[in-house]
Amino acid sequence: MYQIIRKRELNSSVTEMEILAPLVAKKAKPGQFIILRVDEEGERIPLTIAGANPEEGTVKIIFQIVGATTIQLNQKQAGESIQDFTGPLGTATAIEGKKKVCVIGGGVGCAIAMPVAKALHEQGTEVTSIIGFRSKDILILEDEFKSFSDKLVVTTDDGSYGFHGNVTEPLKEMLENGETFDEIITIGPLIMMKFVVAAARPFNVPVTVSMNPIMIDGTGMCGGCRLTLNQDGNRVTKFACVDGPDFNGYEVDFDEAMSRNRMYTSFEAHKRDEACNLMKEAQ
């Protein structure tokens with residue numbers, strides 16, 4: 001069992017937890033993830049490592065309350081425990097040798113982008129961060145990004161805070177005005193990452209995307225997280241859990257990935273309704 005040391009609400013649908021998991025904390029690096037189960041009968045879900053404190057032995061996770069398991073997880077309080085917490089899994093984000101990087105996060109994807117920006121900042125890289133949300137009321141991690149960025153742009157779709165528009169607009173403006181980056185690292189909804197890649201393509205800036213397909217075992221055995229990459233005219237299958245989650249954005253077949261992610265939408269909605277009904281009955 002793994003104890004929840006701290007818990008805080010980042011907004012009405014996003015929660016941060018710190019889990020006591022010394023062995024994971026000792027080896028965790030930005031870009032990697034864990035797989036957890038809330039209880040013995042729970043499903044396995046992957047969550048990106050949002051930070052680790054090897055001295056305390058804690059690992060930070062940030063999750064959006066969108067399905068049955070995250071509803072169940074969010075009911076847990078500091079001092080309680082969860083059943084399984086396995087990791088670190090996946091390949092860490094490659095940041096060595098980068099002198100100037102643009103980090104772009106969208107929504108809860110900012111929880112993944114933030115530790116990457118932190119690691120870049122700590123190694124002396126000049127970091128420009130662009131983070132986007134639908135509106136001000138769901139904004140998260142702004143202070144953290146300010147601490148780790150030489151320049152920060154916050155965007156909202158409805159114009160309620162910061163730049164009115166999506167993350168690609170300030171990116172395009174920077175690139176058109178002659179701004180250069182060794183790399184763009186983008187993490188968020190698939191459609192957002194697709195358009196970040198499209199915005200960067202005319203300027204030949206390398207783009208790394210962090211993929212979040214359906215995942216079960218996290219070891220490459222189930223094949224649920226498979227992605228198709230277009231490499232030198234060939235279509236190549238990769239697995240996000242062991243080959244990623246980071247990939248060359250210019251190679252990813254985003255349309256296929258979005259189609260696969262929609263396969264279980266109705267099932268997930270059904271399980272969420274079940275979880276909500278159980279909560280009401282318990283109250």
# chains A, B, ... in the order shown; residues from 1 in each chain; ligands from 1

call {"tool": "residues_around", "arguments": {"residues": "Val242 (chain A)", "least_positions_apart": "3", "cutoff": "7 Å", "atoms": "only C-alpha atoms", "output": "VMD selection string"}}
result
chain A and resid 90 to 91 219 to 220 239

call {"tool": "closest_atom_pairs", "arguments": {"of": "region 142-214 of chain A", "to": "region 227-236 of chain A", "cutoff": "12 Å", "atoms": "only C-alpha atoms", "output": "Markdown table"}}
result
| residue | atom | partner | partner_atom | distance |
| --- | --- | --- | --- | --- |
| A:Ser210 | CA | A:Leu227 | CA | 11.9 |
| A:Met211 | CA | A:Leu227 | CA | 8.9 |
| A:Asn212 | CA | A:Leu227 | CA | 10.0 |
| A:Pro213 | CA | A:Leu227 | CA | 7.9 |
| A:Ile214 | CA | A:Leu227 | CA | 10.1 |

call {"tool": "residues_around", "arguments": {"residues": "Gly218 (chain A)", "least_positions_apart": "4", "cutoff": "9 Å", "atoms": "only C-alpha atoms", "output": "ChimeraX atom specification"}}
result
/A:34-35,46,89-90,222,225,240-242

call {"tool": "residues_around", "arguments": {"residues": "Ser13 (chain A)", "least_positions_apart": "3", "cutoff": "12 Å", "atoms": "only C-alpha atoms", "output": "ChimeraX atom specification"}}
result
/A:8-10,16,62-67,70-71,74,107-108,137-140

call {"tool": "residues_around", "arguments": {"residues": "Ser81 (chain A)", "least_positions_apart": "2", "cutoff": "6 Å", "atoms": "only C-alpha atoms", "output": "MDAnalysis selection string"}}
result
chainID A and resid 1:4

call {"tool": "write_last_selection", "arguments": {"atoms": "N, CA and C atoms", "output": "mmCIF file, in the first residue's frame"}}
result
data_model
loop_
_atom_site.group_PDB
_atom_site.id
_atom_site.type_symbol
_atom_site.label_atom_id
_atom_site.label_comp_id
_atom_site.auth_asym_id
_atom_site.auth_seq_id
_atom_site.Cartn_x
_atom_site.Cartn_y
_atom_site.Cartn_z
ATOM 1 N N MET A 1 0.842 -1.198 0.000
ATOM 2 C CA MET A 1 0.000 0.000 0.000
ATOM 3 C C MET A 1 0.883 1.257 0.000
ATOM 4 N N TYR A 2 0.373 2.297 -0.627
ATOM 5 C CA TYR A 2 1.132 3.532 -0.781
ATOM 6 C C TYR A 2 0.333 4.691 -0.197
ATOM 7 N N GLN A 3 0.917 5.335 0.799
ATOM 8 C CA GLN A 3 0.197 6.370 1.540
ATOM 9 C C GLN A 3 0.165 7.702 0.795
ATOM 10 N N ILE A 4 -0.980 8.358 0.873
ATOM 11 C CA ILE A 4 -1.129 9.714 0.337
ATOM 12 C C ILE A 4 -0.636 10.681 1.413
#

call {"tool": "select_by_dssp", "arguments": {"residues": "region 56-86 of chain A", "states": "strand (DSSP E or B)", "output": "list in words"}}
result
Thr58, Val59, Lys60, Ile61, Ile62, Phe63, Gln64, Ser81, Ile82, Asp84, Phe85 and Thr86 of chain A
